>>> print(open('work-v9.cif').read())   # mmCIF, C-alpha atoms
data_target
loop_
_atom_site.label_atom_id
_atom_site.label_comp_id
_atom_site.auth_asym_id
_atom_site.auth_seq_id
_atom_site.Cartn_x
_atom_site.Cartn_y
_atom_site.Cartn_z
CA MET A 202 -3.52 -14.90 -11.23
CA LYS A 203 0.10 -15.96 -10.90
CA TRP A 204 -0.15 -18.88 -13.26
CA THR A 205 -2.04 -16.82 -15.85
CA VAL A 206 0.50 -14.05 -16.06
CA LEU A 207 3.36 -16.46 -15.92
CA GLY A 208 1.69 -18.78 -18.34
CA VAL A 209 1.35 -16.03 -20.91
CA LEU A 210 4.92 -14.92 -20.39
CA SER A 211 6.05 -18.47 -20.60
CA LEU A 212 4.25 -19.01 -23.86
CA LEU A 213 5.92 -15.93 -25.26
CA LEU A 214 9.22 -17.03 -23.91
CA CYS A 215 9.03 -20.40 -25.54
CA SER A 216 10.13 -18.66 -28.69
CA VAL A 217 13.48 -17.75 -27.22
CA MET A 218 14.37 -20.71 -25.11
CA PRO A 219 16.51 -23.63 -26.21
CA THR A 220 14.30 -26.64 -26.43
CA SER A 221 14.08 -30.35 -26.22
CA VAL A 222 11.06 -32.56 -26.53
CA SER A 223 10.16 -35.49 -24.35
CA ALA A 224 8.27 -38.51 -25.57
CA GLU A 225 5.14 -37.38 -23.75
CA THR A 226 4.92 -34.06 -25.50
CA GLU A 227 5.33 -34.96 -29.10
CA ILE A 228 2.55 -32.85 -30.49
CA PRO A 229 3.81 -32.20 -34.03
CA ALA A 230 2.90 -28.51 -33.98
CA LEU A 231 4.81 -27.96 -30.74
CA ILE A 232 7.80 -29.89 -31.99
CA GLU A 233 7.94 -27.66 -35.04
CA ILE A 234 7.66 -24.52 -32.90
CA GLU A 235 10.45 -25.80 -30.69
CA ARG A 236 12.64 -26.52 -33.67
CA ILE A 237 12.23 -23.05 -35.12
CA ALA A 238 12.58 -21.34 -31.77
CA SER A 239 15.82 -23.05 -30.90
CA GLY A 240 17.74 -20.46 -32.92
CA VAL A 241 16.13 -17.46 -31.23
CA LYS A 242 18.27 -15.79 -28.55
CA THR A 243 16.52 -12.44 -28.11
CA LEU A 244 13.11 -11.07 -29.00
CA SER A 245 11.35 -7.72 -28.83
CA SER A 246 7.78 -6.89 -29.68
CA ASP A 247 5.20 -4.13 -29.40
CA PHE A 248 1.87 -5.21 -28.00
CA VAL A 249 -1.66 -3.93 -27.89
CA GLN A 250 -3.77 -5.20 -25.02
CA GLU A 251 -7.54 -5.17 -25.40
CA LYS A 252 -9.66 -5.78 -22.33
CA HIS A 253 -13.17 -6.70 -23.43
CA LEU A 254 -15.62 -6.10 -20.58
CA ASN A 255 -18.81 -7.89 -21.46
CA MET A 256 -20.97 -6.25 -18.82
CA PHE A 257 -20.07 -2.73 -19.89
CA ASP A 258 -19.76 -3.46 -23.61
CA GLU A 259 -16.44 -1.64 -23.49
CA VAL A 260 -12.97 -2.35 -24.83
CA LEU A 261 -10.08 -0.87 -22.85
CA ILE A 262 -6.92 -0.45 -24.89
CA SER A 263 -3.40 -0.46 -23.46
CA LYS A 264 -0.11 -0.50 -25.32
CA GLY A 265 3.42 -1.46 -24.52
CA ARG A 266 6.61 -3.25 -25.43
CA PHE A 267 8.09 -6.55 -24.42
CA TYR A 268 11.74 -7.70 -24.47
CA VAL A 269 13.35 -11.02 -23.71
CA GLU A 270 16.95 -12.16 -23.70
CA LYS A 271 17.73 -15.70 -22.77
CA PRO A 272 18.29 -17.16 -20.31
CA ASP A 273 16.94 -14.83 -17.65
CA ARG A 274 16.34 -11.26 -18.82
CA LEU A 275 12.85 -9.91 -19.33
CA ARG A 276 11.16 -6.52 -19.62
CA TRP A 277 7.38 -5.93 -19.69
CA GLU A 278 6.73 -2.25 -20.32
CA MET A 279 3.33 -0.57 -20.54
CA THR A 280 3.42 2.78 -22.31
CA GLU A 281 -0.27 3.73 -22.65
CA PRO A 282 -2.43 4.80 -20.93
CA VAL A 283 -0.15 4.39 -17.91
CA ALA A 284 3.62 3.98 -17.99
CA SER A 285 4.47 1.04 -15.76
CA GLY A 286 6.22 -2.30 -15.86
CA PHE A 287 9.03 -4.43 -14.60
CA ALA A 288 12.45 -5.60 -15.73
CA LEU A 289 14.26 -8.67 -14.53
CA SER A 290 17.94 -9.58 -14.91
CA GLY A 291 19.05 -12.74 -13.18
CA LYS A 292 18.07 -12.48 -9.55
CA ARG A 293 17.63 -8.71 -9.54
CA GLY A 294 14.89 -6.59 -10.97
CA ARG A 295 13.00 -3.35 -10.73
CA ARG A 296 9.38 -2.25 -11.06
CA TRP A 297 8.17 1.20 -11.95
CA HIS A 298 4.87 3.02 -11.84
CA GLY A 299 4.87 6.14 -14.00
CA PRO A 300 2.00 8.14 -12.49
CA SER A 301 3.49 8.02 -9.00
CA GLY A 302 7.08 8.25 -10.24
CA ARG A 303 7.91 5.35 -7.92
CA THR A 304 10.52 2.76 -8.79
CA GLU A 305 11.45 -0.09 -6.51
CA THR A 306 14.09 -2.74 -6.84
CA PHE A 307 13.63 -6.32 -5.84
CA ASN A 308 15.66 -9.45 -5.41
CA ILE A 309 13.93 -12.66 -6.32
CA ASN A 310 15.30 -14.33 -3.22
CA ARG A 311 13.18 -11.95 -1.16
CA ASP A 312 10.23 -11.63 -3.52
CA PRO A 313 8.17 -14.81 -3.82
CA VAL A 314 6.27 -13.68 -6.90
CA MET A 315 9.36 -12.76 -8.85
CA LYS A 316 11.06 -15.90 -7.63
CA LEU A 317 8.23 -17.80 -9.22
CA VAL A 318 8.82 -15.89 -12.46
CA THR A 319 12.44 -17.01 -12.44
CA GLU A 320 11.48 -20.57 -11.70
CA GLN A 321 9.13 -20.46 -14.65
CA LEU A 322 11.85 -19.00 -16.85
CA LEU A 323 14.17 -21.78 -15.89
CA ALA A 324 11.45 -24.34 -16.47
CA TRP A 325 10.97 -22.93 -19.92
CA ALA A 326 14.70 -22.83 -20.51
CA ARG A 327 14.44 -26.57 -20.11
CA ALA A 328 11.49 -26.54 -22.55
CA ASP A 329 9.34 -28.26 -19.98
CA PHE A 330 6.28 -28.98 -22.07
CA ASP A 331 5.52 -31.76 -19.63
CA TRP A 332 4.82 -29.01 -17.10
CA LEU A 333 2.61 -27.09 -19.51
CA GLN A 334 0.61 -30.18 -20.31
CA LYS A 335 0.15 -30.81 -16.61
CA GLN A 336 -1.37 -27.36 -16.25
CA PHE A 337 -3.44 -27.36 -19.44
CA GLN A 338 -5.28 -29.56 -21.82
CA ILE A 339 -3.72 -28.48 -25.12
CA GLN A 340 -5.65 -28.64 -28.35
CA VAL A 341 -4.20 -27.68 -31.73
CA LEU A 342 -6.97 -25.70 -33.45
CA LYS A 343 -4.93 -24.99 -36.55
CA SER A 344 -1.55 -26.26 -37.64
CA SER A 345 -0.42 -23.56 -40.07
CA PRO A 346 -0.02 -21.01 -38.67
CA VAL A 347 -0.37 -22.73 -35.33
CA ILE A 348 -3.30 -21.81 -33.09
CA LEU A 349 -3.55 -23.54 -29.71
CA ARG A 350 -6.38 -23.72 -27.22
CA LEU A 351 -5.33 -24.37 -23.65
CA GLU A 352 -7.89 -25.34 -21.02
CA PRO A 353 -6.81 -25.30 -17.39
CA ARG A 354 -6.84 -28.59 -15.54
CA ASP A 355 -6.87 -27.08 -12.05
CA GLU A 356 -10.37 -26.70 -10.61
CA GLY A 357 -9.53 -23.45 -8.84
CA THR A 358 -8.30 -21.92 -12.08
CA LYS A 359 -11.31 -23.21 -13.99
CA ALA A 360 -13.50 -21.21 -11.64
CA TYR A 361 -12.55 -18.00 -13.44
CA LEU A 362 -10.65 -18.95 -16.60
CA VAL A 363 -12.29 -20.87 -19.42
CA HIS A 364 -9.40 -21.12 -21.84
CA LEU A 365 -6.38 -19.47 -23.45
CA ARG A 366 -6.05 -19.12 -27.18
CA ILE A 367 -2.51 -18.73 -28.49
CA GLY A 368 -1.77 -17.83 -32.10
CA PHE A 369 1.73 -18.14 -33.58
CA ALA A 370 3.08 -16.17 -36.51
CA ALA A 371 3.35 -17.87 -39.87
CA GLY A 372 6.51 -19.91 -39.62
CA GLY A 373 6.04 -20.46 -35.89
CA GLY A 374 8.90 -18.25 -34.75
CA HIS A 375 6.93 -16.23 -32.22
CA VAL A 376 3.54 -15.66 -30.64
CA GLU A 377 1.27 -13.14 -32.38
CA LEU A 378 -1.90 -13.40 -30.35
CA VAL A 379 -2.87 -14.38 -26.81
CA GLU A 380 -6.46 -14.43 -25.61
CA MET A 381 -7.50 -15.16 -22.04
CA HIS A 382 -11.21 -16.00 -21.86
CA GLU A 383 -12.76 -15.63 -18.43
CA ARG A 384 -15.99 -16.89 -16.94
CA GLY A 385 -18.78 -14.41 -17.61
CA GLY A 386 -17.63 -13.55 -21.12
CA ASP A 387 -14.84 -11.05 -20.41
CA PHE A 388 -11.59 -11.63 -22.23
CA THR A 389 -8.17 -10.07 -22.70
CA ARG A 390 -6.58 -10.07 -26.13
CA MET A 391 -2.89 -9.30 -26.57
CA ILE A 392 -1.73 -8.64 -30.09
CA PHE A 393 2.03 -8.67 -30.65
CA LYS A 394 3.31 -6.54 -33.53
CA ASN A 395 6.64 -5.44 -34.95
CA THR A 396 8.26 -8.51 -33.46
CA GLN A 397 11.99 -8.66 -33.98
CA ILE A 398 13.87 -11.91 -33.67
CA ASN A 399 17.43 -11.77 -32.36
CA PRO A 400 17.69 -7.97 -32.16
CA THR A 401 20.58 -6.44 -30.26
CA LEU A 402 19.13 -5.46 -26.90
CA SER A 403 20.72 -2.84 -24.69
CA ARG A 404 21.75 -4.05 -21.24
CA GLU A 405 20.03 -0.97 -19.83
CA LEU A 406 16.64 -2.40 -20.77
CA PHE A 407 17.02 -4.97 -18.03
CA MET B 800 16.37 5.36 20.41
CA ARG B 801 18.02 5.22 16.98
CA GLY B 802 16.11 2.06 16.30
CA LEU B 803 12.84 3.78 17.15
CA LEU B 804 13.63 6.75 14.90
CA PHE B 805 14.57 4.40 12.08
CA ALA B 806 11.32 2.50 12.51
CA LEU B 807 9.36 5.75 12.47
CA ALA B 808 11.21 6.90 9.37
CA LEU B 809 10.40 3.63 7.65
CA LEU B 810 6.76 3.91 8.62
CA CYS B 811 6.65 7.45 7.27
CA LEU B 812 8.10 6.32 3.97
CA GLY B 813 5.11 4.09 3.53
CA ALA B 814 2.42 6.20 5.10
CA CYS B 815 3.37 9.86 4.90
CA SER B 816 4.70 10.27 1.37
CA ALA B 817 3.41 13.33 -0.42
CA ALA B 818 0.48 13.26 -2.81
CA PRO B 819 1.65 12.88 -6.41
CA PHE B 820 -0.54 15.77 -7.59
CA ALA B 821 -0.12 19.51 -7.67
CA PRO B 822 -1.70 21.19 -4.64
CA PRO B 823 -4.94 23.06 -5.37
CA ARG B 824 -4.77 26.77 -6.17
CA LEU B 825 -6.60 28.50 -3.36
CA VAL B 826 -8.29 31.86 -3.88
CA LYS B 827 -10.07 34.32 -1.62
CA THR B 828 -13.38 32.97 -0.38
CA VAL B 829 -16.76 34.53 -1.09
CA ALA B 830 -20.03 34.34 0.84
CA LEU B 831 -21.50 30.87 0.29
CA SER B 832 -23.77 28.71 2.44
CA ALA B 833 -23.20 25.05 3.34
CA SER B 834 -26.11 24.21 1.08
CA GLN B 835 -24.55 26.03 -1.90
CA LEU B 836 -21.23 24.30 -1.34
CA ALA B 837 -22.90 20.88 -1.08
CA GLN B 838 -24.75 21.48 -4.34
CA LYS B 839 -21.52 22.45 -6.09
CA HIS B 840 -20.03 19.06 -5.29
CA TRP B 841 -19.88 17.07 -8.55
CA SER B 842 -21.38 13.88 -7.12
CA SER B 843 -24.44 15.73 -5.82
CA THR B 844 -25.89 15.77 -9.36
CA PRO B 845 -27.77 12.60 -10.37
CA ALA B 846 -25.77 11.26 -13.31
CA VAL B 847 -24.13 8.06 -14.55
CA TYR B 848 -20.42 8.12 -15.32
CA ARG B 849 -17.99 5.58 -16.70
CA MET B 850 -14.47 6.10 -15.42
CA ARG B 851 -11.11 4.54 -16.12
CA HIS B 852 -8.42 4.86 -13.46
CA ALA B 853 -4.84 3.86 -12.86
CA ALA B 854 -4.43 3.04 -9.19
CA LEU B 855 -1.66 2.43 -6.70
CA LEU B 856 -2.50 0.68 -3.45
CA GLU B 857 0.15 1.04 -0.75
CA ILE B 858 0.04 -1.21 2.29
CA GLY B 859 3.14 -0.62 4.41
CA PHE B 860 6.02 -1.08 1.99
CA ARG B 861 4.00 -3.04 -0.56
CA GLN B 862 2.98 -1.16 -3.69
CA ILE B 863 0.29 -2.76 -5.80
CA PRO B 864 -0.45 -1.06 -9.13
CA MET B 865 -3.87 -1.71 -10.66
CA ASN B 866 -6.18 -0.42 -13.35
CA GLY B 867 -9.84 0.13 -12.74
CA PHE B 868 -12.97 0.59 -14.78
CA MET B 869 -16.05 1.81 -12.98
CA GLU B 870 -19.64 2.69 -13.63
CA LEU B 871 -20.73 5.24 -11.06
CA ASN B 872 -24.48 5.62 -10.86
CA LEU B 873 -25.28 8.70 -8.80
CA VAL B 874 -28.99 8.31 -9.59
CA GLU B 875 -29.15 5.01 -7.68
CA GLY B 876 -26.19 5.67 -5.39
CA SER B 877 -24.32 2.64 -6.70
CA ALA B 878 -21.00 1.76 -8.30
CA ARG B 879 -19.65 -1.24 -10.14
CA LEU B 880 -15.87 -1.57 -10.23
CA VAL B 881 -13.71 -3.94 -12.27
CA ALA B 882 -10.04 -3.94 -11.20
CA MET B 883 -7.31 -5.40 -13.36
CA ASP B 884 -3.58 -5.91 -13.09
CA SER B 885 -1.17 -4.44 -15.65
CA MET B 886 -1.56 -7.48 -17.90
CA GLY B 887 -5.32 -7.11 -18.04
CA ILE B 888 -6.09 -9.93 -15.65
CA LYS B 889 -9.35 -9.18 -13.87
CA LEU B 890 -8.68 -9.11 -10.13
CA PHE B 891 -12.22 -8.47 -8.97
CA ASP B 892 -15.60 -7.19 -10.10
CA LEU B 893 -17.78 -5.73 -7.35
CA SER B 894 -20.96 -3.71 -7.08
CA VAL B 895 -21.74 -1.41 -4.19
CA ILE B 896 -25.37 -0.46 -3.70
CA GLY B 897 -26.07 1.52 -0.54
CA ASP B 898 -24.75 -0.57 2.35
CA ARG B 899 -24.69 -3.76 0.29
CA VAL B 900 -21.75 -5.16 -1.67
CA GLU B 901 -22.17 -7.76 -4.39
CA GLN B 902 -19.20 -9.77 -5.63
CA HIS B 903 -19.42 -10.73 -9.30
CA SER B 904 -15.94 -12.24 -9.44
CA MET B 905 -12.65 -12.28 -7.55
CA ILE B 906 -9.49 -14.23 -8.25
CA PRO B 907 -8.88 -16.97 -5.68
CA ALA B 908 -5.70 -15.36 -4.32
CA LEU B 909 -7.71 -12.27 -3.31
CA ALA B 910 -10.88 -14.10 -2.33
CA ARG B 911 -8.90 -15.75 0.46
CA LEU B 912 -8.15 -12.39 2.11
CA PRO B 913 -10.62 -11.75 4.91
CA GLN B 914 -12.64 -8.54 4.75
CA LEU B 915 -11.11 -7.49 1.42
CA LYS B 916 -14.48 -7.25 -0.29
CA GLN B 917 -15.85 -5.07 2.52
CA GLU B 918 -12.71 -2.91 2.55
CA ILE B 919 -12.95 -2.28 -1.19
CA ALA B 920 -16.61 -1.39 -0.83
CA ARG B 921 -15.82 0.98 2.04
CA SER B 922 -13.17 2.74 -0.07
CA LEU B 923 -15.53 3.08 -3.03
CA ARG B 924 -18.26 4.57 -0.87
CA ARG B 925 -15.95 7.03 0.86
CA ILE B 926 -14.37 8.27 -2.36
CA PHE B 927 -17.39 8.42 -4.65
CA LEU B 928 -20.66 7.94 -2.79
CA ASP B 929 -21.04 8.43 0.91
CA PRO B 930 -20.57 10.43 3.06
CA GLY B 931 -21.01 13.61 1.08
CA PRO B 932 -21.43 17.23 2.11
CA ALA B 933 -24.97 18.14 3.16
CA SER B 934 -26.94 21.35 3.33
CA GLY B 935 -27.33 21.04 7.12
CA ASP B 936 -23.57 20.90 7.82
CA VAL B 937 -22.02 23.53 10.06
CA LEU B 938 -20.01 25.93 7.91
CA GLU B 939 -16.81 27.70 8.79
CA THR B 940 -15.40 30.06 6.17
CA SER B 941 -11.75 31.05 6.39
CA LYS B 942 -9.73 33.37 4.17
CA ARG B 943 -9.05 30.84 1.42
CA SER B 944 -11.16 27.76 2.12
CA TYR B 945 -14.48 26.57 3.46
CA SER B 946 -15.03 23.79 5.96
CA THR B 947 -18.34 22.09 6.70
CA GLU B 948 -18.84 19.59 9.51
CA ARG B 949 -21.35 17.22 11.03
CA LYS B 950 -21.40 14.15 13.27
CA GLU B 951 -22.92 11.00 11.81
CA ARG B 952 -23.18 7.63 13.56
CA GLY B 953 -20.51 8.72 16.04
CA ILE B 954 -18.07 9.81 13.32
CA ASP B 955 -16.90 13.42 12.95
CA LEU B 956 -17.11 14.29 9.26
CA GLU B 957 -15.43 17.31 7.71
CA PHE B 958 -15.52 18.58 4.12
CA VAL B 959 -13.06 21.18 2.88
CA PHE B 960 -13.81 23.25 -0.24
CA GLY B 961 -11.69 25.76 -2.08
CA GLY B 962 -10.25 26.99 -5.35
CA PRO B 963 -11.80 29.20 -8.01
CA ASP B 964 -14.81 26.87 -8.42
CA GLN B 965 -15.23 26.02 -4.73
CA THR B 966 -14.66 22.33 -5.41
CA LEU B 967 -14.41 19.66 -2.71
CA LEU B 968 -10.73 19.34 -1.80
CA GLU B 969 -10.87 17.00 1.13
CA LYS B 970 -13.16 14.72 3.17
CA ARG B 971 -12.22 13.52 6.62
CA GLY B 972 -13.79 10.98 8.94
CA ARG B 973 -12.67 10.48 12.53
CA GLY B 974 -14.24 8.48 15.32
CA PRO B 975 -14.14 5.10 17.04
CA GLY B 976 -12.31 2.77 14.64
CA GLU B 977 -12.21 5.33 11.82
CA ASN B 978 -9.51 7.74 10.78
CA TRP B 979 -9.44 8.45 7.08
CA THR B 980 -8.96 11.27 4.58
CA VAL B 981 -9.88 11.55 0.92
CA ARG B 982 -8.22 14.34 -1.07
CA TYR B 983 -9.32 15.44 -4.53
CA PHE B 984 -6.99 17.12 -7.04
CA ASP B 985 -6.80 18.58 -10.49
CA TYR B 986 -10.50 19.16 -11.22
CA GLN B 987 -11.40 19.12 -14.91
CA LEU B 988 -14.59 20.31 -16.52
CA LEU B 989 -16.94 17.66 -17.93
CA GLY B 990 -20.13 19.25 -19.19
CA GLN B 991 -21.29 21.50 -16.37
CA ARG B 992 -19.39 19.66 -13.63
CA HIS B 993 -15.83 19.68 -12.38
CA ILE B 994 -14.55 16.11 -11.93
CA PRO B 995 -11.34 15.32 -10.00
CA ALA B 996 -8.54 13.76 -12.08
CA GLY B 997 -6.52 12.78 -9.03
CA ILE B 998 -7.78 11.20 -5.81
CA LEU B 999 -5.95 10.04 -2.71
CA LEU B 1000 -7.56 7.99 0.06
CA HIS B 1001 -5.54 7.48 3.21
CA ASP B 1002 -7.15 5.12 5.72
CA ARG B 1003 -4.97 5.27 8.82
CA SER B 1004 -7.11 2.83 10.76
CA ALA B 1005 -6.89 0.14 8.13
CA GLY B 1006 -3.28 1.08 7.28
CA TYR B 1007 -3.36 1.69 3.56
CA ARG B 1008 -3.22 4.46 0.99
CA LEU B 1009 -4.96 4.35 -2.38
CA THR B 1010 -4.11 6.81 -5.17
CA LEU B 1011 -6.25 7.10 -8.30
CA TRP B 1012 -5.26 8.76 -11.57
CA GLN B 1013 -8.21 9.30 -13.84
CA GLN B 1014 -7.52 8.05 -17.37
CA GLY B 1015 -10.89 8.85 -18.87
CA VAL B 1016 -14.43 9.76 -17.86
CA LYS B 1017 -17.69 10.04 -19.77
CA ARG B 1018 -21.29 10.63 -18.81
CA THR B 1019 -23.54 7.88 -20.17
CA ASP B 1020 -27.05 8.98 -19.17
CA GLU B 1021 -27.37 11.96 -21.50
#
>>> encode(input="work-v9.cif", output="structure tokens")
Amino acid sequence: MKWTVLGVLSLLLCSVMPTSVSAETEIPALIEIERIASGVKTLSSDFVQEKHLNMFDEVLISKGRFYVEKPDRLRWEMTEPVASGFALSGKRGRRWHGPSGRTETFNINRDPVMKLVTEQLLAWARADFDWLQKQFQIQVLKSSPVILRLEPRDEGTKAYLVHLRIGFAAGGGHVELVEMHERGGDFTRMIFKNTQINPTLSRELF
Amino acid sequence: MRGLLFALALLCLGACSAAPFAPPRLVKTVALSASQLAQKHWSSTPAVYRMRHAALLEIGFRQIPMNGFMELNLVEGSARLVAMDSMGIKLFDLSVIGDRVEQHSMIPALARLPQLKQEIARSLRRIFLDPGPASGDVLETSKRSYSTERKERGIDLEFVFGGPDQTLLEKRGRGPGENWTVRYFDYQLLGQRHIPAGILLHDRSAGYRLTLWQQGVKRTDE
């Protein structure tokens, strides 16, 4: 699970991180995305999450909002049907769960999962596409606007995840669509709307 | 001594926190038999429901929020539960049929945990399937609630009913290796049946607390 969540966040974050490209990663579409994204410092976006459950022939809808400020601030906020989420600022963060009214703080030095998030953020701050290509086989399905298909290389991950499909907005400035296709036919689709590039973000968000 | 008190206080923070639901409104009891109370219980009617829940699992100080989607088949006495994290990642997909549990999928990080599958199945059964109140239970009626009891496989089972519709408010199981309580809150009318919108399972033997907030329910067999 960890890599999937982080992978999706990382893909979103690639729009706001300063970038450089190594010789091994010179996929033209990625280079172009990196070039455009290098001027992005902050990003906010609404999202709609659709969980397609094949067995039940049901689609579960959730909604929320996502904020990023480089180099290390992030907020993932679900608003419907359940208010919940987490915010991270440097080494400190907090999680909340609306129905219970519980909020808890964490420090990444004492929280291995959040530490991993930070490590991933830093990896993406270095635009480590080498890392991404070690985790996934990347295929460019479409070059304008860019649509990528990422297949996991790790056998354990392959056991439940078939592939990710990532769609970028026209112009390549940000991600518009993420699909996670699981074994058995279930998939999660995240649609990002009302994306703002370089908005002024309140410190209180993080 | 101070250390012991502090440790107890910390334990209570994790294990004794209040239910996040309004307490039931109790009214004066009327003459009802154990059989009538058992038949009033919503899961005593053969029906198939689809339910969406937000859940919070608390193990010690760890809080794990989840979302669940379940098909509860009270005709067959089975349930299929898909649990997801807040980003929609499917954590597990399990079916419980009688005493059997069938795993359709589970992420590797959870699959490594011993007994997790069985523990999930046990929770599902206790909350939604079995044990349930029965017509042969011993009834005790007090001023504002009803209690029915029986002993089953060495476990003392108790069911507490109350409120204007005499709904099931609490189930308890105590015996060798078992000490658990399920509390049901905020009943809402669906068709002819009152369905709980809030559920709290506290398994003291296993050391966890599971709270469910119902986000949607529909009957699919009509």
>>> interface_residues(input="work-v9.cif", of="chain B", to="chain A", cutoff="8 Å", atoms="all atoms listed in the file", output="list of chain:residue names")
B:Pro819, B:Ala853, B:Leu855, B:Pro864, B:Ser885, B:Met886, B:Gly887, B:Ile888, B:Leu890, B:Ser904, B:Ile906, B:Pro907, B:Ala908, B:Trp1012, B:Gln1014
>>> residues_around(input="work-v9.cif", residues="Arg293 in chain A", least_positions_apart="4", cutoff="10 Å", atoms="all atoms listed in the file", output="mmCIF file with C-alpha atoms, keeping the file's coordinate frame")
data_model
loop_
_atom_site.group_PDB
_atom_site.id
_atom_site.type_symbol
_atom_site.label_atom_id
_atom_site.label_comp_id
_atom_site.auth_asym_id
_atom_site.auth_seq_id
_atom_site.Cartn_x
_atom_site.Cartn_y
_atom_site.Cartn_z
ATOM 1 C CA ARG A 274 16.340 -11.260 -18.820
ATOM 2 C CA ALA A 288 12.450 -5.600 -15.730
ATOM 3 C CA LEU A 289 14.260 -8.670 -14.530
ATOM 4 C CA THR A 306 14.090 -2.740 -6.840
ATOM 5 C CA PHE A 307 13.630 -6.320 -5.840
ATOM 6 C CA ASN A 308 15.660 -9.450 -5.410
ATOM 7 C CA ILE A 309 13.930 -12.660 -6.320
ATOM 8 C CA ASN A 310 15.300 -14.330 -3.220
ATOM 9 C CA ASP A 312 10.230 -11.630 -3.520
ATOM 10 C CA MET A 315 9.360 -12.760 -8.850
ATOM 11 C CA LYS A 316 11.060 -15.900 -7.630
ATOM 12 C CA PHE A 407 17.020 -4.970 -18.030
#
>>> resolve_selection(input="work-v9.cif", expression="the PyMOL selection byres ((chain B and resi 868-882) around 9)", output="ChimeraX atom specification")
/A:254,257,261 /B:842-853,865-867,883-884,887-897,923-924,927-929
>>> residues_around(input="work-v9.cif", residues="Ile348 in chain A", least_positions_apart="6", cutoff="6 Å", atoms="all atoms listed in the file", output="number ranges by chain")
A: 342, 367-368
>>> resolve_selection(input="work-v9.cif", expression="the PyMOL selection byres ((chain A and resi 378) around 7)", output="ChimeraX atom specification")
/A:367-369,376-377,379-380,391-393
>>> atom_distance(input="work-v9.cif", atom1="CA of Ser345 in chain A", atom2="CA of Pro272 in chain A")
28.0 Å
>>> residues_around(input="work-v9.cif", residues="Asp1002 in chain B", least_positions_apart="4", cutoff="6 Å", atoms="all atoms listed in the file", output="list in words")
Trp979, Gly1006 and Tyr1007 of chain B
>>> residues_around(input="work-v9.cif", residues="Leu406 in chain A", least_positions_apart="6", cutoff="9 Å", atoms="all atoms listed in the file", output="PDB file with C-alpha atoms, keeping the file's coordinate frame")
ATOM      1  CA  TYR A 268      11.740  -7.700 -24.470  1.00  0.00           C
ATOM      2  CA  LEU A 275      12.850  -9.910 -19.330  1.00  0.00           C
ATOM      3  CA  ARG A 276      11.160  -6.520 -19.620  1.00  0.00           C
ATOM      4  CA  ALA A 288      12.450  -5.600 -15.730  1.00  0.00           C
TER       5      ALA A 288
END
>>> residues_around(input="work-v9.cif", residues="Leu836 in chain B", least_positions_apart="6", cutoff="10 Å", atoms="only C-alpha atoms", output="list in words")
Pro932, Ala933, Ser934, Leu938, Tyr945, Ser946, Thr947, Phe958, Val959, Phe960, Gly961, Asp964, Gln965, Thr966 and Leu967 of chain B
>>> atom_distance(input="work-v9.cif", atom1="CA of Gly265 in chain A", atom2="CA of Thr280 in chain A")
4.8 Å
>>> atom_distance(input="work-v9.cif", atom1="CA of Leu1000 in chain B", atom2="CA of Arg925 in chain B")
8.5 Å
>>> resolve_selection(input="work-v9.cif", expression="the PyMOL selection byres ((chain B and resi 987-997) around 8)", output="PyMOL selection string")
chain B and resi 820+841+966+983-986+998-999+1010-1014+1017
>>> residues_near_point(input="work-v9.cif", point="(10.2, -2.4, -33.0)", cutoff="12 Å", atoms="all atoms listed in the file", output="PyMOL selection string")
chain A and resi 244-248+265-268+393-402
>>> closest_residue(input="work-v9.cif", among="A:Lys343, A:Lys335, A:Asp273, A:Gly386", to="Asp258 in chain A", atoms="only C-alpha atoms")
A:Gly386
